[in-house]
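Trainee: Dropping in run.cif, with mmCIF, C-alpha atoms.
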```cif
data_target
loop_
_atom_site.group_PDB
_atom_site.id
_atom_site.type_symbol
_atom_site.label_atom_id
_atom_site.label_comp_id
_atom_site.auth_asym_id
_atom_site.auth_seq_id
_atom_site.Cartn_x
_atom_site.Cartn_y
_atom_site.Cartn_z
ATOM 1 C CA MET A 29 -15.800 -12.602 -13.752
ATOM 2 C CA ARG A 30 -14.617 -16.209 -13.889
ATOM 3 C CA LYS A 31 -12.642 -15.430 -17.059
ATOM 4 C CA ILE A 32 -10.867 -12.524 -15.358
ATOM 5 C CA VAL A 33 -9.994 -14.642 -12.309
ATOM 6 C CA ASN A 34 -8.684 -17.364 -14.610
ATOM 7 C CA LEU A 35 -6.636 -14.784 -16.513
ATOM 8 C CA ILE A 36 -5.127 -13.382 -13.312
ATOM 9 C CA LEU A 37 -4.229 -16.869 -12.095
ATOM 10 C CA GLN A 38 -2.611 -17.737 -15.428
ATOM 11 C CA CYS A 39 -0.623 -14.491 -15.397
ATOM 12 C CA LEU A 40 0.557 -15.084 -11.825
ATOM 13 C CA LEU A 41 1.552 -18.665 -12.641
ATOM 14 C CA ALA A 42 3.409 -17.521 -15.764
ATOM 15 C CA ILE A 43 5.245 -14.832 -13.782
ATOM 16 C CA PHE A 44 6.161 -17.402 -11.123
ATOM 17 C CA ILE A 45 7.511 -19.802 -13.757
ATOM 18 C CA MET A 46 9.488 -17.051 -15.500
ATOM 19 C CA THR A 47 10.902 -15.899 -12.152
ATOM 20 C CA LEU A 48 11.861 -19.492 -11.396
ATOM 21 C CA ILE A 49 13.586 -19.842 -14.765
ATOM 22 C CA ASN A 50 15.600 -16.661 -14.223
ATOM 23 C CA GLY A 51 16.419 -17.638 -10.645
ATOM 24 C CA LEU A 52 17.535 -21.222 -11.235
ATOM 25 C CA THR A 53 19.332 -21.092 -14.588
ATOM 26 C CA PRO A 54 22.420 -19.288 -13.168
ATOM 27 C CA LEU A 55 23.020 -22.445 -11.116
ATOM 28 C CA ILE A 56 24.428 -24.002 -14.278
ATOM 29 C CA GLY A 57 27.596 -22.127 -13.348
ATOM 30 C CA LEU A 58 28.012 -24.440 -10.353
ATOM 31 C CA ILE A 59 28.923 -27.262 -12.728
ATOM 32 C CA PRO A 60 32.741 -27.426 -12.401
ATOM 33 C CA ILE A 61 33.473 -27.719 -16.114
ATOM 34 C CA ILE A 62 31.350 -24.623 -16.818
ATOM 35 C CA GLY A 63 32.087 -22.336 -13.876
ATOM 36 C CA MET A 64 30.769 -18.873 -13.033
ATOM 37 C CA GLY A 65 32.797 -16.992 -15.655
ATOM 38 C CA ASP A 66 31.859 -15.837 -19.153
ATOM 39 C CA LEU A 67 30.978 -19.379 -20.300
ATOM 40 C CA GLY A 68 28.582 -19.907 -17.413
ATOM 41 C CA TYR A 69 27.076 -16.462 -17.966
ATOM 42 C CA ILE A 70 26.449 -17.134 -21.653
ATOM 43 C CA LEU A 71 25.112 -20.660 -21.106
ATOM 44 C CA PHE A 72 22.615 -19.593 -18.466
ATOM 45 C CA HIS A 73 21.264 -16.937 -20.848
ATOM 46 C CA LEU A 74 20.928 -19.554 -23.591
ATOM 47 C CA LEU A 75 19.171 -21.864 -21.147
ATOM 48 C CA ILE A 76 16.689 -19.098 -20.289
ATOM 49 C CA VAL A 77 15.800 -18.783 -23.986
ATOM 50 C CA LEU A 78 15.392 -22.544 -24.385
ATOM 51 C CA LEU A 79 13.215 -23.004 -21.303
ATOM 52 C CA THR A 80 11.117 -19.914 -22.051
ATOM 53 C CA PHE A 81 10.465 -21.084 -25.596
ATOM 54 C CA VAL A 82 9.654 -24.687 -24.689
ATOM 55 C CA ILE A 83 7.428 -23.946 -21.682
ATOM 56 C CA PHE A 84 5.368 -21.098 -23.115
ATOM 57 C CA THR A 85 4.932 -22.473 -26.636
ATOM 58 C CA ILE A 86 3.683 -25.733 -25.109
ATOM 59 C CA TRP A 87 1.402 -23.676 -22.834
ATOM 60 C CA ILE A 88 -0.072 -21.878 -25.854
ATOM 61 C CA SER A 89 -0.506 -24.936 -28.056
ATOM 62 C CA LYS A 90 -1.476 -27.591 -25.487
ATOM 63 C CA ILE A 91 -3.175 -25.730 -22.614
ATOM 64 C CA ILE A 92 -4.659 -22.658 -24.292
ATOM 65 C CA LYS A 93 -4.984 -24.699 -27.504
ATOM 66 C CA SER A 94 -4.190 -21.772 -29.734
ATOM 67 C CA ASP A 95 -1.999 -21.152 -32.748
ATOM 68 C CA LEU A 96 1.406 -19.595 -32.043
ATOM 69 C CA LYS A 97 0.848 -17.105 -34.874
ATOM 70 C CA SER A 98 -2.186 -15.722 -33.058
ATOM 71 C CA PHE A 99 0.268 -14.790 -30.282
ATOM 72 C CA ARG A 100 2.531 -13.243 -32.958
ATOM 73 C CA ILE A 101 5.124 -15.965 -32.303
ATOM 74 C CA THR A 102 6.268 -16.642 -35.847
ATOM 75 C CA LYS A 103 9.271 -18.124 -37.589
ATOM 76 C CA PRO A 104 12.417 -15.967 -37.258
ATOM 77 C CA SER A 105 12.403 -13.093 -39.726
ATOM 78 C CA LEU A 106 14.036 -9.726 -40.326
ATOM 79 C CA ASN A 107 12.240 -6.598 -41.454
ATOM 80 C CA LEU A 108 14.399 -3.774 -42.774
ATOM 81 C CA SER A 109 12.060 -1.002 -41.646
ATOM 82 C CA SER A 110 12.064 -2.290 -38.047
ATOM 83 C CA ILE A 111 15.866 -2.334 -38.073
ATOM 84 C CA VAL A 112 15.920 1.237 -39.402
ATOM 85 C CA LEU A 113 13.410 2.276 -36.726
ATOM 86 C CA GLY A 114 15.667 0.815 -34.037
ATOM 87 C CA PHE A 115 18.776 2.579 -35.313
ATOM 88 C CA VAL A 116 16.924 5.897 -35.652
ATOM 89 C CA GLY A 117 15.712 5.651 -32.047
ATOM 90 C CA ILE A 118 19.201 4.801 -30.831
ATOM 91 C CA GLY A 119 20.671 7.636 -32.898
ATOM 92 C CA VAL A 120 18.240 10.138 -31.392
ATOM 93 C CA MET A 121 19.154 8.921 -27.906
ATOM 94 C CA TYR A 122 22.914 9.305 -28.465
ATOM 95 C CA VAL A 123 22.586 12.714 -30.136
ATOM 96 C CA ILE A 124 20.491 14.139 -27.293
ATOM 97 C CA PHE A 125 22.867 12.740 -24.664
ATOM 98 C CA ILE A 126 25.888 14.229 -26.439
ATOM 99 C CA VAL A 127 24.252 17.631 -27.019
ATOM 100 C CA CYS A 128 22.778 17.940 -23.520
ATOM 101 C CA THR A 129 25.595 16.555 -21.377
ATOM 102 C CA GLN A 130 28.794 17.547 -23.225
ATOM 103 C CA GLY A 131 30.786 14.535 -22.104
ATOM 104 C CA TYR A 132 33.632 12.754 -23.885
ATOM 105 C CA TRP A 133 34.382 9.380 -25.471
ATOM 106 C CA LYS A 134 36.950 6.890 -24.213
ATOM 107 C CA ILE A 135 38.051 3.841 -26.196
ATOM 108 C CA ASN A 136 38.720 0.705 -24.153
ATOM 109 C CA THR A 137 41.198 -2.111 -24.765
ATOM 110 C CA ASN A 138 40.838 -5.902 -24.536
ATOM 111 C CA ILE A 139 37.310 -5.684 -25.886
ATOM 112 C CA LEU A 140 36.880 -9.009 -27.724
ATOM 113 C CA ASN A 141 35.561 -11.037 -24.775
ATOM 114 C CA ILE A 142 33.444 -8.142 -23.517
ATOM 115 C CA SER A 143 31.896 -7.601 -26.955
ATOM 116 C CA THR A 144 31.083 -11.296 -27.346
ATOM 117 C CA VAL A 145 29.396 -11.481 -23.940
ATOM 118 C CA ILE A 146 27.407 -8.276 -24.532
ATOM 119 C CA LEU A 147 26.182 -9.373 -27.969
ATOM 120 C CA ILE A 148 25.188 -12.880 -26.871
ATOM 121 C CA THR A 149 23.454 -11.775 -23.671
ATOM 122 C CA SER A 150 21.724 -8.873 -25.457
ATOM 123 C CA LEU A 151 20.341 -11.289 -28.045
ATOM 124 C CA THR A 152 19.246 -13.966 -25.583
ATOM 125 C CA THR A 153 17.663 -11.391 -23.267
ATOM 126 C CA ALA A 154 15.775 -9.832 -26.172
ATOM 127 C CA ILE A 155 14.482 -13.213 -27.355
ATOM 128 C CA SER A 156 13.380 -14.496 -23.946
ATOM 129 C CA GLU A 157 11.780 -11.216 -22.806
ATOM 130 C CA GLU A 158 9.939 -10.557 -26.063
ATOM 131 C CA LEU A 159 8.779 -14.164 -26.262
ATOM 132 C CA PHE A 160 7.376 -13.951 -22.736
ATOM 133 C CA PHE A 161 6.106 -10.364 -22.455
ATOM 134 C CA ARG A 162 5.081 -9.443 -26.011
ATOM 135 C CA GLY A 163 4.367 -12.973 -27.212
ATOM 136 C CA PHE A 164 2.820 -14.994 -24.403
ATOM 137 C CA MET A 165 1.741 -12.380 -21.843
ATOM 138 C CA MET A 166 0.401 -9.704 -24.192
ATOM 139 C CA GLY A 167 -1.300 -12.340 -26.344
ATOM 140 C CA LEU A 168 -2.890 -14.067 -23.356
ATOM 141 C CA ILE A 169 -4.320 -10.850 -21.906
ATOM 142 C CA GLU A 170 -5.412 -9.644 -25.349
ATOM 143 C CA LYS A 171 -7.396 -12.836 -26.000
ATOM 144 C CA LYS A 172 -9.187 -12.615 -22.655
ATOM 145 C CA THR A 173 -9.849 -8.846 -22.850
ATOM 146 C CA ASN A 174 -8.670 -6.719 -25.785
ATOM 147 C CA ILE A 175 -5.499 -5.499 -27.461
ATOM 148 C CA TYR A 176 -5.333 -2.311 -25.357
ATOM 149 C CA TYR A 177 -5.374 -4.159 -22.042
ATOM 150 C CA GLY A 178 -2.909 -6.647 -23.483
ATOM 151 C CA LEU A 179 -0.471 -3.881 -24.380
ATOM 152 C CA ILE A 180 -0.812 -1.869 -21.172
ATOM 153 C CA VAL A 181 -0.937 -4.682 -18.601
ATOM 154 C CA SER A 182 1.951 -6.621 -20.163
ATOM 155 C CA SER A 183 4.014 -3.403 -20.121
ATOM 156 C CA ILE A 184 3.218 -2.843 -16.440
ATOM 157 C CA ILE A 185 4.280 -6.412 -15.642
ATOM 158 C CA PHE A 186 7.429 -5.908 -17.749
ATOM 159 C CA SER A 187 8.419 -2.841 -15.727
ATOM 160 C CA LEU A 188 7.572 -4.303 -12.312
ATOM 161 C CA LEU A 189 9.473 -7.559 -12.826
ATOM 162 C CA HIS A 190 12.651 -5.633 -13.643
ATOM 163 C CA LEU A 191 12.625 -4.261 -10.094
ATOM 164 C CA MET A 192 13.723 -7.739 -9.014
ATOM 165 C CA SER A 193 17.178 -7.121 -10.502
ATOM 166 C CA GLY A 194 18.269 -5.040 -7.490
ATOM 167 C CA GLN A 195 17.322 -3.100 -4.385
ATOM 168 C CA TYR A 196 16.286 0.476 -5.125
ATOM 169 C CA ASP A 197 15.016 3.475 -3.199
ATOM 170 C CA LEU A 198 11.646 5.058 -3.994
ATOM 171 C CA LYS A 199 12.991 7.591 -6.518
ATOM 172 C CA ASN A 200 14.753 4.883 -8.500
ATOM 173 C CA ILE A 201 11.738 2.571 -8.315
ATOM 174 C CA ILE A 202 9.452 5.249 -9.776
ATOM 175 C CA LEU A 203 11.975 6.044 -12.517
ATOM 176 C CA ILE A 204 12.442 2.367 -13.421
ATOM 177 C CA ILE A 205 8.704 1.682 -13.522
ATOM 178 C CA ILE A 206 7.984 4.696 -15.743
ATOM 179 C CA GLY A 207 10.996 4.170 -18.014
ATOM 180 C CA LEU A 208 10.450 0.459 -18.574
ATOM 181 C CA PHE A 209 6.683 0.872 -18.907
ATOM 182 C CA ILE A 210 7.307 3.273 -21.802
ATOM 183 C CA ALA A 211 9.822 0.817 -23.277
ATOM 184 C CA GLY A 212 7.275 -1.990 -22.887
ATOM 185 C CA ILE A 213 4.608 0.032 -24.693
ATOM 186 C CA PHE A 214 7.046 0.680 -27.528
ATOM 187 C CA TYR A 215 8.089 -2.969 -27.909
ATOM 188 C CA GLY A 216 4.439 -3.986 -27.734
ATOM 189 C CA LEU A 217 3.468 -1.554 -30.500
ATOM 190 C CA VAL A 218 6.359 -2.828 -32.618
ATOM 191 C CA THR A 219 5.051 -6.378 -32.190
ATOM 192 C CA ILE A 220 1.499 -5.307 -33.038
ATOM 193 C CA TYR A 221 2.496 -3.218 -36.056
ATOM 194 C CA TYR A 222 4.803 -5.821 -37.621
ATOM 195 C CA ARG A 223 2.610 -8.738 -36.466
ATOM 196 C CA THR A 224 5.584 -10.674 -35.124
ATOM 197 C CA ILE A 225 7.702 -10.704 -31.986
ATOM 198 C CA TRP A 226 10.810 -10.856 -34.177
ATOM 199 C CA ALA A 227 10.537 -7.164 -34.984
ATOM 200 C CA SER A 228 10.562 -6.277 -31.275
ATOM 201 C CA ILE A 229 13.315 -8.844 -30.640
ATOM 202 C CA VAL A 230 15.550 -7.124 -33.197
ATOM 203 C CA ILE A 231 14.929 -3.622 -31.820
ATOM 204 C CA HIS A 232 15.219 -4.805 -28.203
ATOM 205 C CA PHE A 233 18.544 -6.434 -29.115
ATOM 206 C CA LEU A 234 19.805 -3.251 -30.761
ATOM 207 C CA PHE A 235 18.973 -1.142 -27.703
ATOM 208 C CA ASP A 236 20.547 -3.657 -25.299
ATOM 209 C CA ALA A 237 23.627 -3.883 -27.527
ATOM 210 C CA THR A 238 24.246 -0.157 -27.021
ATOM 211 C CA GLN A 239 26.176 -1.404 -23.982
ATOM 212 C CA LEU A 240 28.981 -1.823 -26.528
ATOM 213 C CA PHE A 241 29.097 1.978 -26.613
ATOM 214 C CA ASN A 242 28.050 2.606 -23.055
ATOM 215 C CA ILE A 243 26.666 5.898 -21.770
ATOM 216 C CA THR A 244 27.823 6.373 -18.203
ATOM 217 C CA THR A 245 28.879 8.865 -15.549
ATOM 218 C CA LYS A 246 32.022 6.933 -14.626
ATOM 219 C CA ARG A 247 34.670 4.874 -16.417
ATOM 220 C CA GLU A 248 33.790 1.174 -16.296
ATOM 221 C CA ASN A 249 36.005 -0.426 -19.001
ATOM 222 C CA GLU A 250 33.261 -2.922 -19.873
ATOM 223 C CA SER A 251 32.500 -1.888 -23.445
ATOM 224 C CA ILE A 252 34.183 -1.025 -26.747
ATOM 225 C CA ALA A 253 33.860 2.671 -25.965
ATOM 226 C CA GLU A 254 32.234 4.769 -23.276
ATOM 227 C CA TYR A 255 30.575 8.141 -23.436
ATOM 228 C CA ILE A 256 31.391 9.613 -20.033
ATOM 229 C CA TYR A 257 29.587 12.677 -18.750
ATOM 230 C CA ASN A 258 29.157 14.426 -15.425
ATOM 231 C CA SER A 259 25.683 14.806 -13.970
ATOM 232 C CA SER A 260 24.033 14.256 -10.611
ATOM 233 C CA ASN A 261 20.523 14.639 -12.017
ATOM 234 C CA ILE A 262 18.820 11.256 -11.625
ATOM 235 C CA LEU A 263 16.424 12.074 -14.462
ATOM 236 C CA ILE A 264 19.369 12.419 -16.849
ATOM 237 C CA THR A 265 21.510 9.556 -15.544
ATOM 238 C CA GLY A 266 18.690 7.099 -14.958
ATOM 239 C CA GLY A 267 19.873 6.652 -11.383
ATOM 240 C CA GLU A 268 21.014 3.213 -10.268
ATOM 241 C CA TYR A 269 19.460 1.530 -13.322
ATOM 242 C CA GLY A 270 21.443 3.645 -15.771
ATOM 243 C CA SER A 271 20.713 5.370 -19.064
ATOM 244 C CA THR A 272 18.057 2.789 -19.993
ATOM 245 C CA VAL A 273 15.558 4.725 -17.862
ATOM 246 C CA SER A 274 16.951 8.216 -18.436
ATOM 247 C CA VAL A 275 14.370 10.785 -19.554
ATOM 248 C CA ILE A 276 16.471 11.104 -22.705
ATOM 249 C CA THR A 277 15.944 7.434 -23.522
ATOM 250 C CA MET A 278 12.268 7.769 -22.597
ATOM 251 C CA PHE A 279 11.960 10.689 -25.021
ATOM 252 C CA SER A 280 13.457 8.586 -27.798
ATOM 253 C CA PHE A 281 10.970 5.784 -27.071
ATOM 254 C CA LEU A 282 8.069 8.250 -26.975
ATOM 255 C CA LEU A 283 8.986 9.627 -30.401
ATOM 256 C CA MET A 284 8.951 6.109 -31.831
ATOM 257 C CA ILE A 285 5.670 5.332 -30.046
ATOM 258 C CA ILE A 286 4.048 8.368 -31.687
ATOM 259 C CA PHE A 287 5.422 7.277 -35.059
ATOM 260 C CA LEU A 288 4.003 3.749 -34.668
ATOM 261 C CA LEU A 289 0.620 5.028 -33.477
ATOM 262 C CA ILE A 290 0.383 7.218 -36.590
ATOM 263 C CA LYS A 291 1.344 4.260 -38.806
ATOM 264 C CA LEU A 292 -1.195 1.995 -37.094
ATOM 265 C CA LYS A 293 -3.936 4.604 -37.432
ATOM 266 C CA LYS A 294 -3.249 4.975 -41.162
ATOM 267 C CA ARG A 295 -3.223 1.202 -41.649
ATOM 268 C CA ASN A 296 -6.543 0.788 -39.865
ATOM 269 C CA GLU A 297 -8.333 3.571 -41.752
#
```
As structure tokens, what does this structure read like?
Mentor:
Amino acid sequence: MRKIVNLILQCLLAIFIMTLINGLTPLIGLIPIIGMGDLGYILFHLLIVLLTFVIFTIWISKIIKSDLKSFRITKPSLNLSSIVLGFVGIGVMYVIFIVCTQGYWKINTNILNISTVILITSLTTAISEELFFRGFMMGLIEKKTNIYYGLIVSSIIFSLLHLMSGQYDLKNIILIIIGLFIAGIFYGLVTIYYRTIWASIVIHFLFDATQLFNITTKRENESIAEYIYNSSNILITGGEYGSTVSVITMFSFLLMIIFLLIKLKKRNE
């Protein structure tokens, strides 16, 4: 019982620290030479990565007194099969959207700055979130309980913390929680299967970078190209959170989850 209480307290403290990091780092834009524009936006994302890495790697090595590799926090690496898996999942998502919604593509102009911001923020978000949720949080819970609790509870926390990004009604809240829980399970399984957070970082980055070719119900001019379709069905559109939590995206994640579960079962036989 004492171990569980200690685990809960550590999780709550970690969530508080991560919330503090995300809440305070945008203040870097108040520095006059930096400002609140693209530079400030990029720098605060980089600062999130730096602080997340420093704080939670020190926590693991000095407080928990464990090896970073046991938390699947390894040296940066690329695995071709994980990259292929990411592109296949993204391809399935786009194909289903195009077939089911019958929208149209629009190419935008003046895309250099937008593309740079999207790529940098997608990468920094992927690194910081995977380091915290699939590295620190999943590893911490796994060590105190087991790998199943680690995967499930870290995915629940992942989905709930994303509700802090806005104010949503009940329908949107339910959709966000379910959609991001499924995404969290997928990223967790990727980390477990490849034994490194860098596999999930790469795939997370690829999915976030789909903003370059945005799927939307209205023209926004904030990407290289936009697939614009007409639908009022919140399950299709993803509601206020967007296509990230659309049932189409969830279906794509579920297919990849099934694939990884089969691969893990074969490896463990």
Trainee: Decode the PyMOL selection byres ((chain A and resi 154) around 8) for the given file into explicit residues and return them as a PyMOL selection string.
Mentor: chain A and resi 150-153+155-158+229-230+232-233+236
Trainee: Restricting the calculation to all atoms listed in the file: of A:Lys134, A:Lys90, A:Lys246, A:Arg100, which residue gets closest to A:Gly270?
Mentor: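 Among the listed residues, A:Lys246 lies closest to A:Gly270.
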Trainee: For stretch 69-77 of chain A, find every residue with an atom within 7 Å (counting only C-alpha atoms), except residues of its own chain fewer than 3 positions away, and show them as a ChimeraX atom specification.
Mentor: /A:49-50,53-54,56,64-66,80-81,145,148-149,152,155-156
Trainee: So how many Å separate atom CA of A:Tyr122 and atom CA of A:Val181, to one decimal?
Mentor: 29.4 Å
Trainee: With the PyMOL selection byres ((chain A and resi 244) around 9) as the selection, what would be picked from this file? Answer as a list in words, please.
Mentor: Asn242, Ile243, Thr245, Lys246, Arg247, Glu248, Glu254, Tyr255, Ile256, Tyr257, Asn258, Thr265, Gly270 and Ser271 of chain A
Trainee: Determine the residue set returned by the PyMOL selection byres ((chain A and resi 125) around 10) for the present structure, and present it as a ChimeraX atom specification.
Mentor: /A:119-124,126-131,243,255,257,264-265,271,274,276-277
Trainee: How many Å lie between atom CA of A:Phe99 and atom CA of A:Tyr177, rounded to one decimal?
Mentor: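 Atom-to-atom, atom CA of A:Phe99 to atom CA of A:Tyr177, that is 14.6 Å.
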Trainee: Atom CA of A:Lys293 to atom CA of A:Tyr221: how many Å, to one decimal?
Mentor: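 Separating atom CA of A:Lys293 from atom CA of A:Tyr221 is a distance of 10.2 Å.
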Trainee: Report as a list in words all protein, DNA and RNA residues lying within 7 Å of A:Ile184, evaluated on all atoms listed in the file, omitting residues in the same chain fewer than 4 positions from it.
Mentor: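 Those residues are Ile180, Leu188 and Phe209 of chain A.
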Trainee: Using only C-alpha atoms, which of the listed residues (A:Gly194, A:Met278, A:Phe161, A:Leu288) sits closest to A:Gly266?
Mentor: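 Between A:Gly194, A:Met278, A:Phe161, A:Leu288, the residue approaching A:Gly266 most closely is A:Met278.
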Trainee: Could you add the missing atoms to stretch 182-202 of chain A, up to N, CA and C atoms, and return them as a PDB file, in the frame of the given file?
Mentor:
```
ATOM      1  N   SER A 182       0.677  -5.924 -19.954  1.00  0.00           N
ATOM      2  CA  SER A 182       1.951  -6.621 -20.163  1.00  0.00           C
ATOM      3  C   SER A 182       3.132  -5.675 -19.968  1.00  0.00           C
ATOM      4  N   SER A 183       2.950  -4.398 -20.308  1.00  0.00           N
ATOM      5  CA  SER A 183       4.014  -3.403 -20.121  1.00  0.00           C
ATOM      6  C   SER A 183       4.213  -3.080 -18.645  1.00  0.00           C
ATOM      7  N   ILE A 184       3.117  -3.051 -17.889  1.00  0.00           N
ATOM      8  CA  ILE A 184       3.218  -2.843 -16.440  1.00  0.00           C
ATOM      9  C   ILE A 184       3.971  -4.007 -15.796  1.00  0.00           C
ATOM     10  N   ILE A 185       3.605  -5.223 -16.180  1.00  0.00           N
ATOM     11  CA  ILE A 185       4.280  -6.412 -15.642  1.00  0.00           C
ATOM     12  C   ILE A 185       5.756  -6.397 -16.019  1.00  0.00           C
ATOM     13  N   PHE A 186       6.053  -6.010 -17.263  1.00  0.00           N
ATOM     14  CA  PHE A 186       7.429  -5.908 -17.749  1.00  0.00           C
ATOM     15  C   PHE A 186       8.250  -4.971 -16.870  1.00  0.00           C
ATOM     16  N   SER A 187       7.686  -3.823 -16.534  1.00  0.00           N
ATOM     17  CA  SER A 187       8.419  -2.841 -15.727  1.00  0.00           C
ATOM     18  C   SER A 187       8.574  -3.303 -14.283  1.00  0.00           C
ATOM     19  N   LEU A 188       7.525  -3.884 -13.719  1.00  0.00           N
ATOM     20  CA  LEU A 188       7.572  -4.303 -12.312  1.00  0.00           C
ATOM     21  C   LEU A 188       8.549  -5.455 -12.086  1.00  0.00           C
ATOM     22  N   LEU A 189       8.587  -6.406 -13.010  1.00  0.00           N
ATOM     23  CA  LEU A 189       9.473  -7.559 -12.826  1.00  0.00           C
ATOM     24  C   LEU A 189      10.946  -7.165 -12.890  1.00  0.00           C
ATOM     25  N   HIS A 190      11.255  -6.074 -13.580  1.00  0.00           N
ATOM     26  CA  HIS A 190      12.651  -5.633 -13.643  1.00  0.00           C
ATOM     27  C   HIS A 190      13.135  -5.036 -12.322  1.00  0.00           C
ATOM     28  N   LEU A 191      12.220  -4.746 -11.417  1.00  0.00           N
ATOM     29  CA  LEU A 191      12.625  -4.261 -10.094  1.00  0.00           C
ATOM     30  C   LEU A 191      13.315  -5.359  -9.296  1.00  0.00           C
ATOM     31  N   MET A 192      13.126  -6.612  -9.722  1.00  0.00           N
ATOM     32  CA  MET A 192      13.723  -7.739  -9.014  1.00  0.00           C
ATOM     33  C   MET A 192      15.227  -7.841  -9.243  1.00  0.00           C
ATOM     34  N   SER A 193      15.752  -7.039 -10.180  1.00  0.00           N
ATOM     35  CA  SER A 193      17.178  -7.121 -10.502  1.00  0.00           C
ATOM     36  C   SER A 193      18.062  -6.419  -9.480  1.00  0.00           C
ATOM     37  N   GLY A 194      17.468  -5.731  -8.500  1.00  0.00           N
ATOM     38  CA  GLY A 194      18.269  -5.040  -7.490  1.00  0.00           C
ATOM     39  C   GLY A 194      17.395  -4.462  -6.398  1.00  0.00           C
ATOM     40  N   GLN A 195      18.035  -3.778  -5.465  1.00  0.00           N
ATOM     41  CA  GLN A 195      17.322  -3.100  -4.385  1.00  0.00           C
ATOM     42  C   GLN A 195      17.440  -1.595  -4.609  1.00  0.00           C
ATOM     43  N   TYR A 196      16.295  -0.930  -4.755  1.00  0.00           N
ATOM     44  CA  TYR A 196      16.286   0.476  -5.125  1.00  0.00           C
ATOM     45  C   TYR A 196      15.464   1.300  -4.139  1.00  0.00           C
ATOM     46  N   ASP A 197      15.830   2.584  -4.022  1.00  0.00           N
ATOM     47  CA  ASP A 197      15.016   3.475  -3.199  1.00  0.00           C
ATOM     48  C   ASP A 197      13.801   3.931  -4.010  1.00  0.00           C
ATOM     49  N   LEU A 198      12.918   4.698  -3.379  1.00  0.00           N
ATOM     50  CA  LEU A 198      11.646   5.058  -3.994  1.00  0.00           C
ATOM     51  C   LEU A 198      11.826   5.840  -5.296  1.00  0.00           C
ATOM     52  N   LYS A 199      12.766   6.793  -5.312  1.00  0.00           N
ATOM     53  CA  LYS A 199      12.991   7.591  -6.518  1.00  0.00           C
ATOM     54  C   LYS A 199      13.386   6.707  -7.693  1.00  0.00           C
ATOM     55  N   ASN A 200      14.306   5.778  -7.434  1.00  0.00           N
ATOM     56  CA  ASN A 200      14.753   4.883  -8.500  1.00  0.00           C
ATOM     57  C   ASN A 200      13.642   3.939  -8.937  1.00  0.00           C
ATOM     58  N   ILE A 201      12.849   3.469  -7.987  1.00  0.00           N
ATOM     59  CA  ILE A 201      11.738   2.571  -8.315  1.00  0.00           C
ATOM     60  C   ILE A 201      10.756   3.254  -9.261  1.00  0.00           C
ATOM     61  N   ILE A 202      10.392   4.499  -8.934  1.00  0.00           N
ATOM     62  CA  ILE A 202       9.452   5.249  -9.776  1.00  0.00           C
ATOM     63  C   ILE A 202      10.030   5.449 -11.173  1.00  0.00           C
TER      64      ILE A 202
END
```
